[in-house]
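As structure tokens, the structure follows; a few thoughts come after it.
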Amino acid sequence: MATKPARAAKKNVRKAAPQKAPARSAPRRPSAPALALPPRELTGSFEPAKFEASLYEFWEKSGCFDAADESAPGQKSFCIMIPPPNVTGHLHMGHALTNAIQDTLIRWRRMSGDNTLYQPGTDHAGIATQLMVERALADEGRKAGGRPITRHDLGREKFLERTWKWKEDHAHIITGQLRRLGCSFDWKRERFTLDDGLSRAVREVFVRLYKDGLIYRGERIINWDTVSQSAVSDLEVVPTERKGFLWHIKYAVVESDGTPVAGADGKEAFLTIATTRPETLLGDTAVAVHPEDDRYSAFHGKHAKLPLLGRVIPILTDTYVEREFGTGALKITPAHDFNDYEIGKRHNLPLVSVMGKDGKITAAGGPYAAMDFKTARERIIADLKESGRLEKTEEHTHKVGLCDRTGQPAEPLVSKQWFVKIEPLAKPAIAAVESGKIEFSPKSWEKTYFEWMYNIRDWCISRQLWWGHRVPAWYCSTCQEITVAVEAPAACGSCGADADRLKQDEDVLDTWFSSGLWPFSTLGWPEKTPALNTFYPTSILETGFDIIFFWVARMIMMGLHFTGDVPFRKVYLHAMVRDEKGEKMSKTKGNVIDPLDVMAEHGADALRFTLLAMAGQGRDIKLSLDRVAGYRGFCNKLWNATKFFHLQVAQGAVAEPQGGAESWLLKNKVELLPVNRWVLSRLQQVNGAVTKGLEEFRLNEAAQAIYDFSWHELCDWYIEFSKVSFKEGGEARKQTLITLHYVLERLLRMMHPFMPFVTEELWLSLPWKKPANSPTRERDGAPAVMSLMLQKYPQPEPRFANSEAEKTVAALQGIIEALRNFRGENRIPTSKEIAACYVAPRTATDAFVQLFRSDIMAMARLSALEKAPVNGNGGAPRTIAVIPVTNPALELHVDLKGLVDVEEETKRLRKEIERVQGDLSFIRGKLTNESFVAKAPKELVAKEKGRENELVGKLRELESALTRLSG
RNA sequence: UGGGGUGUAGCUCAGUGGGAGAGCGUCCGCUUCACACGCGGAAGGUCGUAGGUUCAACCCCUAUCACCCCAACCA
């Protein structure tokens with residue numbers, strides 16, 4: 001008794017608004033009219049360009065994308081942050097992939113009732129953007145007939161103005177492209193790493209880290225980009241294989257006072273070093289050999305005279321030296337090589353900087369001063385050759401560190417920079433992953449993460465650029481002390497000198513410093529905003545594995561340090577999108593597939609679905625345009641399936657059942673036609689598979705389930721079956737129309753996160769749609785929206801599960817397929833109708849055929865299907881072909897006269913017999929194997945026995961059919 | 001050098017301890033009144049190689065080869 005009203009109440013909740021929020025003081029406007037697009041007609045074929053833009057505009061304008069700062073009571077929050085693309089960038093396939101995945105999850109959770117925030121925004125991308133503007137400036141200068149204009153010609157302020165303008169002019173490109181892809185961002189919350197709020201967060205973080213002793217300023221060896229004239233971090237230098245030379249140079253061995261040392265032969269002794277960068281010789285402060293290298297033991301404690309400059313430097317021993325490489329003697333240039341720097345520290349060697357920040361040799365380079373590095377190298381080689389100090393030159397392939405952004409070699413040099421002391425930050429970040437508070441998927445990436453985190457080096461965060469967050473440090477010209485503060489200080493923090501004695505640091509911060517704060521800075525941190533409370537920690541981080549160190553690790557470190565909590569609990573890493581040959585897409589190779597071109601040709605949905613279907617974990621995506629075209633075909637298929645529905649409605653509408661299609665179908669499920677029960681059962685099963693795929697982050701499996709069901713069950717079978725019912729009319733027609741509408745509508749909802757545009761367009765065409773609202777919109781009094789976007793995501797309906805119907809339809813399909821196979825193999829054109837008879841050994845089978853007679857006739861294109869006049873094939877004429885079916889056991893008879901050559905059918909039978917024989921011998925092999933019968937599960941043995949019997953029967957029928965044909 | 005991944009139909013990829021699937025391509029037959037962006041049928045694979053575990057291996061284990069990626073201090 002008590003269950004009935006409860007159930008009814010539950011149903012009401014489903015149909016009507018979800019959970020009424022007892023809005024505290026917010027006035028509710030309960031009767032606000034629903035927002036809706038003007039009705040549109042479904043005609044022609046799938047042409048995405050006709051509707052995608054207007055749908056997106058409608059969604060955005062009606063506030064469907066908006067998150068609420070606070071979730072409604074009982075409502076979950078769900079948040080994904082976009083990995084901020086470069087503000088002046090263009091959408092590439094990597095963006096398309098990551099955002100397609102994210103948006104699918106977001107839409108799914110939104111439809112599931114969560115308060116979802118898909119946070120949009122862009123990154124100022126320091127070097128990249130500054131370089132663009134500088135390039136444009138240079139071009140301007142050249143076009144005007146003069147020399148290229150540099151940023152220094154403009155000065156910092158003017159240049160920044162230009163860059164902001166450039167940003168304003170270009171930012172809409174990437175955001176427009178993300179809209180084009182259908183991503184449901186809450187655009188009202190769009191953030192930019194250089195906007196006021198985020199800049200404030202950056203300064204706050206800098207100041208706090210400084211006060212905690214985690215940021216320091218120091219003179220260290222760093223990577224220098226001579227193009228952007230800035231320091232870059234270790235990560236921004238990509239070791240790249242380059243062909244070069246290994247020069248062997250002779251250094252004279254001397255005493256500390258410079259007097260020559262004689263070798264074993266009594267002549268002047270030399271020591272040969274091998275180097276790939278001879279110009280660094282100018283900065284050498286030692287030569288090192290391995291302590292146990294016998295070749296050089298005589299030189300321990302001696303000195304070497306630097307060729308060309310004549311400087312006397314010590315010969316020291318260090319186990320770092322590889323005896324096998326080169327000559328086994330290593331020149332040490334502590335100021336221009338990371339390893340040499342370490343060796344220099346161990347042996348207290350002086351630093352001699354010869355490579356200047358401007359890409360030219362410094363004064364310390366003596367006669368080579370002011371030459372650029374390339375010229376200096378050439379001159380030094382020539383001079384060495386001339387003085388007989390160049391022993392030999394070998395070709396040598398080695399790794400050169402190229403700057404990520406500019407592609408030019410990075411020059412290690414010693415410079416005063418700002419650093420983050422990383423170890424104290426890394427420790428908790430390692431622990432968070434070790435303890436499982438953050439999980440990576442695929443899990444193997446955790447190893448990569450640990451590897452890097454355990455060996456992490458201090459992070460050089462200062463950049464000698466102008467575009468970025470200026471280091472919030474001021475130098476006092478009175479006391480020389482540094483004042484670090486969030487806002488420009490009014491006086492020196494040490495001596496109290498006036499602000500005019502203070503000068504702000506010229507440098508800006510590494511772009512990744514600000515993107516590391518993204519998960520909380522976008523939500524208003526350091527303020528304790530409601531949004532921060534609602535959405536932090538974010539739900540999922542989805543990005544490419546190439547920025548694990550750049551971005552993911554830094555977000556974890558910063559998040560833990562500043563919020564005390566992880567920034568996200570799950571990290572999903574997708575693969576790289578390559579071209580169809582598996583090559584990395586690159587402009588120079590010219591193999592870039594532009595997502596915008598693809599969308600222009602096939603629509604956003606086809607591109608999204610392709611990427612999702614191919615995004616299996618742990619494998620690169622080789623994007624194939626054929627595949628995209630295939631999924632465009634899929635969109636068209638859906639389009640036409642819906643059109644088919646409308647055509648049936650046009651033959652005579654059926655009123656929506658009282659209480660909705662679902663409850664009507666549930667109430668009447670016993671009276672439904674088997675095919676209707678079947679499709680409902682299949683639908684709910686597929687629903688389960690799709691939901692599981694989404695929950696387990698296997699979007700490719702979910703996509704596959706959707707595709708297979710839609711095309712191969714709904715379209716290939718169900719719609720074909722439905723035609724029989726529609727022709728029949730009456731009750732059959734009515735229940736089939738209701739079923740078809742229900743299945744279509746549910747399916748569209750189910751696939752909407754994957755293909756938002758086409759599903760919405762089709763859904764809007766359906767007759768029984770109703771506007772819907774989200775819990776938070778409802779609470780805040782926002783109007784309901786006539787859109788698929790806010791409909792409830794379907795759950796499997798177990799009451800539709802029906803294994804009986806599934807078995808029945810499988811048997812029916814078996815009969816139809818046997819007939820189709822007969823037709824196809826015998827090449828009987830579709831236009832020729834076949835008259836068939838059947839022989840059913842059991843009355844139940846006879847009833848089965850009678851029940852589905854019209855279905856079989858329609859789908860196998862038979863002109864007749866009657867009971868055979870004679871039982872068995874004993875009395876049948878010679879031209880009768882027999883088609884045996886095993887489940888249910890029956891024979892189909894077709895008169896070959898006028899249809900097929902007897903020989904053709906004979907051939908078909910022989911082939912069939914061969915196959916059955918093969919199957920049979922395999923099964924018998926198993927069944928005669930004693931260990932199989934003894935050890936395999938009993939059910940399996942029984943199943944195989946059953947199959948054996950089936951096959952024996954089939955074989956007998958085939959053979960007798962064959963003898964009769966040929967006899 | 002170390003770590004990870006991949007190897008399945010002509011191509012691009014799914015997949016499971018009980019005789020391997022899809023899309024595209026190929027071949028055959030189709031203006032079947034939703035769809036030629038389609039319908040029906042078919043051909044095509046010793047699931048990289050060699051061992052092992054198991055009644056049973058494409059799947060688990062070991063070795064090996066090939067390709068890819070990542071991290072690296074061989075100047």
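Convention: chains lettered A, B, ... in structure tokens order; per-chain residue numbering from 1; ligands numbered from 1 as shown.
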
Sort by chain and increasing residue number a table of all residues of chain A within 8 Å of chain B, each with its closest pair of atoms and their distance in Å to one decimal, counting only C-alpha atoms (C1' of nucleotides), and write it as JSON lines.
```
{"residue": "A:Ala274", "atom": "CA", "partner": "B:A75", "partner_atom": "C1'", "distance": 6.8}
{"residue": "A:Thr275", "atom": "CA", "partner": "B:A75", "partner_atom": "C1'", "distance": 5.6}
{"residue": "A:Thr276", "atom": "CA", "partner": "B:A75", "partner_atom": "C1'", "distance": 7.0}
{"residue": "A:Glu322", "atom": "CA", "partner": "B:C74", "partner_atom": "C1'", "distance": 6.6}
{"residue": "A:Phe325", "atom": "CA", "partner": "B:C74", "partner_atom": "C1'", "distance": 6.5}
{"residue": "A:Gly326", "atom": "CA", "partner": "B:A75", "partner_atom": "C1'", "distance": 7.8}
{"residue": "A:Leu330", "atom": "CA", "partner": "B:A75", "partner_atom": "C1'", "distance": 6.3}
{"residue": "A:Lys331", "atom": "CA", "partner": "B:A75", "partner_atom": "C1'", "distance": 7.6}
{"residue": "A:Asn339", "atom": "CA", "partner": "B:C73", "partner_atom": "C1'", "distance": 6.0}
{"residue": "A:Ser444", "atom": "CA", "partner": "B:G4", "partner_atom": "C1'", "distance": 7.1}
{"residue": "A:Thr448", "atom": "CA", "partner": "B:C70", "partner_atom": "C1'", "distance": 7.7}
{"residue": "A:Glu451", "atom": "CA", "partner": "B:A71", "partner_atom": "C1'", "distance": 7.8}
{"residue": "A:Trp452", "atom": "CA", "partner": "B:A71", "partner_atom": "C1'", "distance": 7.7}
{"residue": "A:Glu580", "atom": "CA", "partner": "B:U12", "partner_atom": "C1'", "distance": 7.6}
{"residue": "A:Met614", "atom": "CA", "partner": "B:C13", "partner_atom": "C1'", "distance": 7.5}
{"residue": "A:Gly618", "atom": "CA", "partner": "B:G5", "partner_atom": "C1'", "distance": 7.1}
{"residue": "A:Arg619", "atom": "CA", "partner": "B:G5", "partner_atom": "C1'", "distance": 7.4}
{"residue": "A:Lys622", "atom": "CA", "partner": "B:U12", "partner_atom": "C1'", "distance": 7.3}
{"residue": "A:Ser624", "atom": "CA", "partner": "B:U12", "partner_atom": "C1'", "distance": 6.7}
{"residue": "A:Asp626", "atom": "CA", "partner": "B:C24", "partner_atom": "C1'", "distance": 6.1}
{"residue": "A:Arg627", "atom": "CA", "partner": "B:G23", "partner_atom": "C1'", "distance": 6.6}
{"residue": "A:Ala629", "atom": "CA", "partner": "B:C37", "partner_atom": "C1'", "distance": 7.9}
{"residue": "A:Gly630", "atom": "CA", "partner": "B:G23", "partner_atom": "C1'", "distance": 7.0}
{"residue": "A:Arg632", "atom": "CA", "partner": "B:C37", "partner_atom": "C1'", "distance": 6.8}
{"residue": "A:Gly633", "atom": "CA", "partner": "B:C37", "partner_atom": "C1'", "distance": 4.3}
{"residue": "A:Phe634", "atom": "CA", "partner": "B:C37", "partner_atom": "C1'", "distance": 7.7}
{"residue": "A:Asn636", "atom": "CA", "partner": "B:C37", "partner_atom": "C1'", "distance": 6.1}
{"residue": "A:Lys637", "atom": "CA", "partner": "B:C35", "partner_atom": "C1'", "distance": 6.1}
{"residue": "A:Asn640", "atom": "CA", "partner": "B:A34", "partner_atom": "C1'", "distance": 4.5}
{"residue": "A:Ala641", "atom": "CA", "partner": "B:A34", "partner_atom": "C1'", "distance": 5.3}
{"residue": "A:Thr642", "atom": "CA", "partner": "B:A34", "partner_atom": "C1'", "distance": 7.4}
{"residue": "A:Lys643", "atom": "CA", "partner": "B:A34", "partner_atom": "C1'", "distance": 5.6}
{"residue": "A:Phe644", "atom": "CA", "partner": "B:A34", "partner_atom": "C1'", "distance": 4.2}
{"residue": "A:Phe645", "atom": "CA", "partner": "B:A34", "partner_atom": "C1'", "distance": 7.8}
{"residue": "A:Arg820", "atom": "CA", "partner": "B:G40", "partner_atom": "C1'", "distance": 7.0}
{"residue": "A:Asn821", "atom": "CA", "partner": "B:G41", "partner_atom": "C1'", "distance": 6.1}
{"residue": "A:Arg823", "atom": "CA", "partner": "B:G41", "partner_atom": "C1'", "distance": 7.6}
{"residue": "A:Gly824", "atom": "CA", "partner": "B:G41", "partner_atom": "C1'", "distance": 4.2}
{"residue": "A:Glu825", "atom": "CA", "partner": "B:G41", "partner_atom": "C1'", "distance": 6.2}
{"residue": "A:Arg827", "atom": "CA", "partner": "B:G29", "partner_atom": "C1'", "distance": 5.5}
{"residue": "A:Ile828", "atom": "CA", "partner": "B:G29", "partner_atom": "C1'", "distance": 6.9}
{"residue": "A:Pro829", "atom": "CA", "partner": "B:G29", "partner_atom": "C1'", "distance": 5.5}
{"residue": "A:Thr830", "atom": "CA", "partner": "B:C30", "partner_atom": "C1'", "distance": 5.7}
{"residue": "A:Ser831", "atom": "CA", "partner": "B:C30", "partner_atom": "C1'", "distance": 7.7}
{"residue": "A:Phe922", "atom": "CA", "partner": "B:G19", "partner_atom": "C1'", "distance": 7.6}
{"residue": "A:Asn929", "atom": "CA", "partner": "B:C55", "partner_atom": "C1'", "distance": 7.8}
{"residue": "A:Glu930", "atom": "CA", "partner": "B:C55", "partner_atom": "C1'", "distance": 7.8}
{"residue": "A:Ser931", "atom": "CA", "partner": "B:C55", "partner_atom": "C1'", "distance": 4.6}
{"residue": "A:Phe932", "atom": "CA", "partner": "B:C55", "partner_atom": "C1'", "distance": 3.9}
{"residue": "A:Val933", "atom": "CA", "partner": "B:C55", "partner_atom": "C1'", "distance": 7.4}
{"residue": "A:Ala934", "atom": "CA", "partner": "B:C55", "partner_atom": "C1'", "distance": 7.4}
{"residue": "A:Lys935", "atom": "CA", "partner": "B:C55", "partner_atom": "C1'", "distance": 5.4}
{"residue": "A:Ala936", "atom": "CA", "partner": "B:C55", "partner_atom": "C1'", "distance": 5.9}
{"residue": "A:Leu940", "atom": "CA", "partner": "B:G18", "partner_atom": "C1'", "distance": 8.0}
```

Written file, previous selection with N, CA and C atoms, as a short mmCIF file (atom, residue, chain, number, x, y, z; two decimals), in the first residue's frame:
```cif
data_model
loop_
_atom_site.label_atom_id
_atom_site.label_comp_id
_atom_site.auth_asym_id
_atom_site.auth_seq_id
_atom_site.Cartn_x
_atom_site.Cartn_y
_atom_site.Cartn_z
N ALA A 274 88.42 16.71 -26.47
CA ALA A 274 87.46 16.68 -27.57
C ALA A 274 86.25 17.51 -27.18
N THR A 275 85.79 18.33 -28.10
CA THR A 275 84.63 19.17 -27.77
C THR A 275 83.74 19.36 -28.99
N THR A 276 82.46 19.60 -28.73
CA THR A 276 81.54 19.94 -29.81
C THR A 276 81.31 21.44 -29.88
N GLU A 322 84.14 10.37 -18.61
CA GLU A 322 84.05 9.05 -19.24
C GLU A 322 85.37 8.78 -19.95
N PHE A 325 84.97 8.05 -23.86
CA PHE A 325 84.50 9.02 -24.82
C PHE A 325 85.62 9.98 -25.23
N GLY A 326 85.65 10.26 -26.52
CA GLY A 326 86.61 11.23 -27.04
C GLY A 326 88.02 10.82 -26.68
N LEU A 330 88.57 16.14 -20.56
CA LEU A 330 87.40 17.00 -20.72
C LEU A 330 87.72 18.44 -20.34
N LYS A 331 87.38 19.35 -21.24
CA LYS A 331 87.56 20.76 -20.89
C LYS A 331 86.41 21.19 -20.02
N ASN A 339 76.89 20.60 -16.59
CA ASN A 339 77.73 19.61 -15.90
C ASN A 339 79.02 20.22 -15.42
N SER A 444 50.24 4.34 -15.75
CA SER A 444 51.68 4.31 -16.02
C SER A 444 52.31 5.70 -15.98
N THR A 448 56.17 8.24 -14.56
CA THR A 448 56.84 9.37 -15.20
C THR A 448 56.84 10.58 -14.27
N GLU A 451 59.26 10.04 -11.35
CA GLU A 451 60.62 10.12 -11.86
C GLU A 451 61.09 11.57 -11.91
N TRP A 452 60.23 12.40 -12.44
CA TRP A 452 60.60 13.80 -12.60
C TRP A 452 60.58 14.51 -11.25
N GLU A 580 47.37 10.47 -40.53
CA GLU A 580 46.98 9.08 -40.72
C GLU A 580 48.16 8.14 -40.91
N MET A 614 38.06 7.32 -31.20
CA MET A 614 39.43 6.87 -31.37
C MET A 614 40.28 7.09 -30.14
N GLY A 618 46.00 5.08 -23.94
CA GLY A 618 47.30 4.48 -24.15
C GLY A 618 47.69 4.23 -25.58
N ARG A 619 47.15 4.99 -26.46
CA ARG A 619 47.55 4.81 -27.85
C ARG A 619 47.39 6.14 -28.57
N LYS A 622 45.75 8.13 -34.71
CA LYS A 622 46.08 8.44 -36.09
C LYS A 622 44.79 8.85 -36.76
N SER A 624 42.08 9.75 -39.19
CA SER A 624 41.84 9.46 -40.60
C SER A 624 40.58 10.19 -41.05
N ASP A 626 38.81 9.60 -43.56
CA ASP A 626 37.77 8.65 -43.96
C ASP A 626 36.86 8.34 -42.79
N ARG A 627 37.48 8.23 -41.65
CA ARG A 627 36.73 7.92 -40.44
C ARG A 627 35.76 9.06 -40.13
N ALA A 629 34.49 11.13 -42.23
CA ALA A 629 33.43 11.06 -43.24
C ALA A 629 32.43 9.97 -42.85
N GLY A 630 32.94 8.88 -42.33
CA GLY A 630 32.07 7.79 -41.90
C GLY A 630 31.12 8.23 -40.80
N ARG A 632 30.23 11.28 -40.25
CA ARG A 632 29.29 12.23 -40.83
C ARG A 632 28.11 11.44 -41.39
N GLY A 633 28.44 10.32 -42.02
CA GLY A 633 27.40 9.42 -42.52
C GLY A 633 26.49 8.96 -41.39
N PHE A 634 27.09 8.78 -40.24
CA PHE A 634 26.31 8.37 -39.07
C PHE A 634 25.31 9.45 -38.68
N ASN A 636 24.05 11.59 -40.65
CA ASN A 636 23.02 11.56 -41.69
C ASN A 636 22.04 10.42 -41.46
N LYS A 637 22.58 9.32 -40.99
CA LYS A 637 21.75 8.16 -40.72
C LYS A 637 20.71 8.51 -39.65
N ASN A 640 18.04 10.73 -40.99
CA ASN A 640 17.04 10.05 -41.79
C ASN A 640 16.14 9.13 -40.97
N ALA A 641 16.69 8.59 -39.91
CA ALA A 641 15.86 7.77 -39.04
C ALA A 641 14.77 8.64 -38.42
N THR A 642 15.17 9.84 -38.02
CA THR A 642 14.19 10.76 -37.44
C THR A 642 13.19 11.21 -38.50
N LYS A 643 13.70 11.42 -39.70
CA LYS A 643 12.81 11.80 -40.80
C LYS A 643 11.78 10.69 -41.04
N PHE A 644 12.24 9.47 -40.93
CA PHE A 644 11.33 8.34 -41.11
C PHE A 644 10.19 8.41 -40.08
N PHE A 645 10.58 8.71 -38.87
CA PHE A 645 9.57 8.84 -37.81
C PHE A 645 8.54 9.91 -38.20
N ARG A 820 18.31 -14.19 -46.87
CA ARG A 820 19.09 -13.14 -47.53
C ARG A 820 20.40 -13.70 -48.07
N ASN A 821 20.97 -14.59 -47.29
CA ASN A 821 22.21 -15.22 -47.71
C ASN A 821 21.99 -16.03 -48.98
N ARG A 823 19.74 -15.52 -51.20
CA ARG A 823 19.54 -14.58 -52.30
C ARG A 823 20.87 -13.96 -52.74
N GLY A 824 21.62 -13.51 -51.77
CA GLY A 824 22.88 -12.84 -52.09
C GLY A 824 23.87 -13.75 -52.78
N GLU A 825 24.04 -14.92 -52.22
CA GLU A 825 25.02 -15.85 -52.77
C GLU A 825 24.62 -16.29 -54.18
N ARG A 827 23.02 -14.47 -56.16
CA ARG A 827 22.91 -13.23 -56.93
C ARG A 827 21.51 -13.03 -57.51
N ILE A 828 20.52 -13.27 -56.70
CA ILE A 828 19.16 -13.03 -57.15
C ILE A 828 18.84 -11.56 -56.89
N PRO A 829 18.58 -10.80 -57.93
CA PRO A 829 18.35 -9.36 -57.74
C PRO A 829 17.17 -9.09 -56.82
N THR A 830 17.25 -7.97 -56.14
CA THR A 830 16.21 -7.60 -55.19
C THR A 830 14.84 -7.52 -55.87
N SER A 831 14.88 -7.19 -57.14
CA SER A 831 13.60 -7.02 -57.85
C SER A 831 12.86 -8.34 -58.00
N PHE A 922 35.87 -29.63 -35.47
CA PHE A 922 36.50 -28.90 -34.37
C PHE A 922 35.85 -29.23 -33.04
N ASN A 929 38.33 -35.13 -26.48
CA ASN A 929 39.47 -34.89 -25.61
C ASN A 929 39.04 -35.13 -24.17
N GLU A 930 39.60 -36.20 -23.57
CA GLU A 930 39.15 -36.58 -22.23
C GLU A 930 39.35 -35.48 -21.19
N SER A 931 40.50 -34.80 -21.26
CA SER A 931 40.75 -33.77 -20.25
C SER A 931 39.76 -32.62 -20.38
N PHE A 932 39.37 -32.35 -21.63
CA PHE A 932 38.39 -31.26 -21.79
C PHE A 932 37.08 -31.65 -21.11
N VAL A 933 36.61 -32.83 -21.41
CA VAL A 933 35.34 -33.28 -20.84
C VAL A 933 35.44 -33.34 -19.31
N ALA A 934 36.60 -33.76 -18.82
CA ALA A 934 36.75 -33.90 -17.38
C ALA A 934 36.92 -32.55 -16.68
N LYS A 935 37.72 -31.66 -17.28
CA LYS A 935 38.10 -30.45 -16.55
C LYS A 935 37.34 -29.18 -16.91
N ALA A 936 36.83 -29.11 -18.10
CA ALA A 936 36.13 -27.89 -18.48
C ALA A 936 34.81 -27.81 -17.74
N LEU A 940 29.78 -25.76 -20.25
CA LEU A 940 30.44 -25.59 -21.53
C LEU A 940 30.41 -26.89 -22.32
#
```

Spatial neighbours of region 473-489 of chain A, max dist 12 Å, only C-alpha atoms (C1' of nucleotides), sep filter under 2 positions, as a PyMOL selection string: chain A and resi 199-211+213+215-217+418+462+469-471+491-509+526

In region 627-680 of chain A, what's alpha helix (DSSP H) per DSSP? Answer as JSON, numbers by chain? {"A": [627, 628, 629, 630, 631, 632, 633, 634, 635, 636, 637, 638, 639, 640, 641, 642, 643, 644, 645, 646, 647, 648, 649, 650, 661, 662, 663, 664, 665, 666, 667, 674, 675, 676, 677, 678, 679, 680]}

May I have the residues within 12 Å of C47 (chain B) as a ChimeraX atom specification, using only C-alpha atoms (C1' of nucleotides) and disregarding those fewer than 6 positions away in the same chain? /B:7-9,15,20-21,57-59

Output N, CA, C and O atoms (P, O5', C5', C4', C3', O3' and C1' of nucleotides) for every residue in the selection just made, as a short mmCIF file (atom, residue, chain, number, x, y, z; two decimals), in the first residue's frame.
```cif
data_model
loop_
_atom_site.label_atom_id
_atom_site.label_comp_id
_atom_site.auth_asym_id
_atom_site.auth_seq_id
_atom_site.Cartn_x
_atom_site.Cartn_y
_atom_site.Cartn_z
P G B 7 48.73 -3.40 -30.10
"O5'" G B 7 49.60 -3.92 -31.33
"C5'" G B 7 49.47 -3.30 -32.61
"C4'" G B 7 50.55 -3.84 -33.53
"C3'" G B 7 50.36 -5.30 -33.92
"O3'" G B 7 50.45 -5.46 -35.34
"C1'" G B 7 52.54 -4.91 -33.01
P U B 8 49.15 -5.20 -36.20
"O5'" U B 8 48.12 -6.28 -35.65
"C5'" U B 8 48.34 -7.66 -35.90
"C4'" U B 8 47.02 -8.38 -35.90
"C3'" U B 8 45.96 -7.78 -36.81
"O3'" U B 8 46.13 -8.18 -38.16
"C1'" U B 8 45.01 -8.17 -34.69
P A B 9 45.79 -7.19 -39.25
"O5'" A B 9 44.56 -7.85 -40.01
"C5'" A B 9 44.77 -8.99 -40.85
"C4'" A B 9 43.85 -8.91 -42.03
"C3'" A B 9 43.94 -7.60 -42.80
"O3'" A B 9 44.07 -7.82 -44.19
"C1'" A B 9 41.70 -8.03 -42.16
P G B 15 39.85 -1.93 -26.59
"O5'" G B 15 39.23 -3.39 -26.59
"C5'" G B 15 37.84 -3.59 -26.34
"C4'" G B 15 37.44 -4.99 -26.71
"C3'" G B 15 38.22 -6.08 -25.96
"O3'" G B 15 37.60 -6.35 -24.71
"C1'" G B 15 38.21 -6.57 -28.27
P A B 20 37.80 -17.33 -33.28
"O5'" A B 20 36.38 -16.73 -33.13
"C5'" A B 20 35.87 -15.73 -34.03
"C4'" A B 20 36.35 -14.37 -33.56
"C3'" A B 20 36.04 -13.29 -34.56
"O3'" A B 20 34.83 -12.68 -34.13
"C1'" A B 20 38.30 -13.16 -33.83
P G B 21 33.54 -12.96 -35.00
"O5'" G B 21 32.93 -11.51 -35.18
"C5'" G B 21 33.59 -10.59 -36.04
"C4'" G B 21 33.48 -9.23 -35.45
"C3'" G B 21 33.59 -8.09 -36.45
"O3'" G B 21 32.35 -7.84 -37.08
"C1'" G B 21 35.05 -7.68 -34.65
P A B 57 45.67 -23.39 -25.88
"O5'" A B 57 45.22 -22.14 -26.76
"C5'" A B 57 44.11 -21.33 -26.41
"C4'" A B 57 44.50 -19.88 -26.59
"C3'" A B 57 45.85 -19.66 -27.25
"O3'" A B 57 45.82 -18.47 -28.03
"C1'" A B 57 45.88 -18.75 -25.09
P C B 58 45.79 -18.54 -29.56
"O5'" C B 58 45.77 -17.01 -29.98
"C5'" C B 58 46.95 -16.29 -30.22
"C4'" C B 58 46.77 -14.84 -29.88
"C3'" C B 58 46.62 -14.54 -28.40
"O3'" C B 58 47.87 -14.37 -27.80
"C1'" C B 58 44.90 -13.45 -29.61
P C B 59 48.19 -14.89 -26.33
"O5'" C B 59 47.30 -13.91 -25.43
"C5'" C B 59 47.50 -12.48 -25.47
"C4'" C B 59 46.37 -11.80 -24.71
"C3'" C B 59 46.33 -12.16 -23.24
"O3'" C B 59 46.18 -10.98 -22.48
"C1'" C B 59 44.25 -12.64 -24.26
#
```

Excluding region 811-818 of chain A and residues on its chain fewer than 6 positions from it, collect all residues at most 6 Å away from it, counting only C-alpha atoms (C1' of nucleotides), and give them as a ChimeraX atom specification. /A:856,860,887

Could you name the residues that touch region 656-664 of chain A at 7 Å or less, counting only C-alpha atoms (C1' of nucleotides), but leaving out those on the same chain fewer than 4 positions away, as a VMD selection string? chain A and resid 668 738 742 768

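The list of residues with at least one atom within 12 Å of Asp294 (chain A), based on only C-alpha atoms (C1' of nucleotides) and without residues fewer than 3 positions apart in the same chain, reads Val289, His290, Pro291, Ser297, Ala298, Phe299, His300, Thr317, Arg323, Gly328 and Ala329 of chain A.
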
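Picture a line from CA of Glu797 (chain A) to CA of Glu701 (chain A); it runs 20.2 Å.
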
Report the residues of region 622-861 of chain A whose backbone DSSP state falls under strand (DSSP E or B), written as a ChimeraX atom specification. /A:622,772,785,834-839

Contacts of Met111 (chain A) at 6 Å or less, counting only C-alpha atoms (C1' of nucleotides), minus same-chain residues fewer than 2 places along, as a list in words?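 That gives Trp108, Arg109, Gly113, Leu790, Gln791, Lys792 and Tyr793 of chain A.
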
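We find CA of Val902 (chain A) and CA of Thr845 (chain A) to be spaced 28.6 Å apart.
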
Expressed in Å to a single decimal, how great is the separation between CA of Thr285 (chain A) and CA of Ala304 (chain A)?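 It comes out at 9.7 Å.
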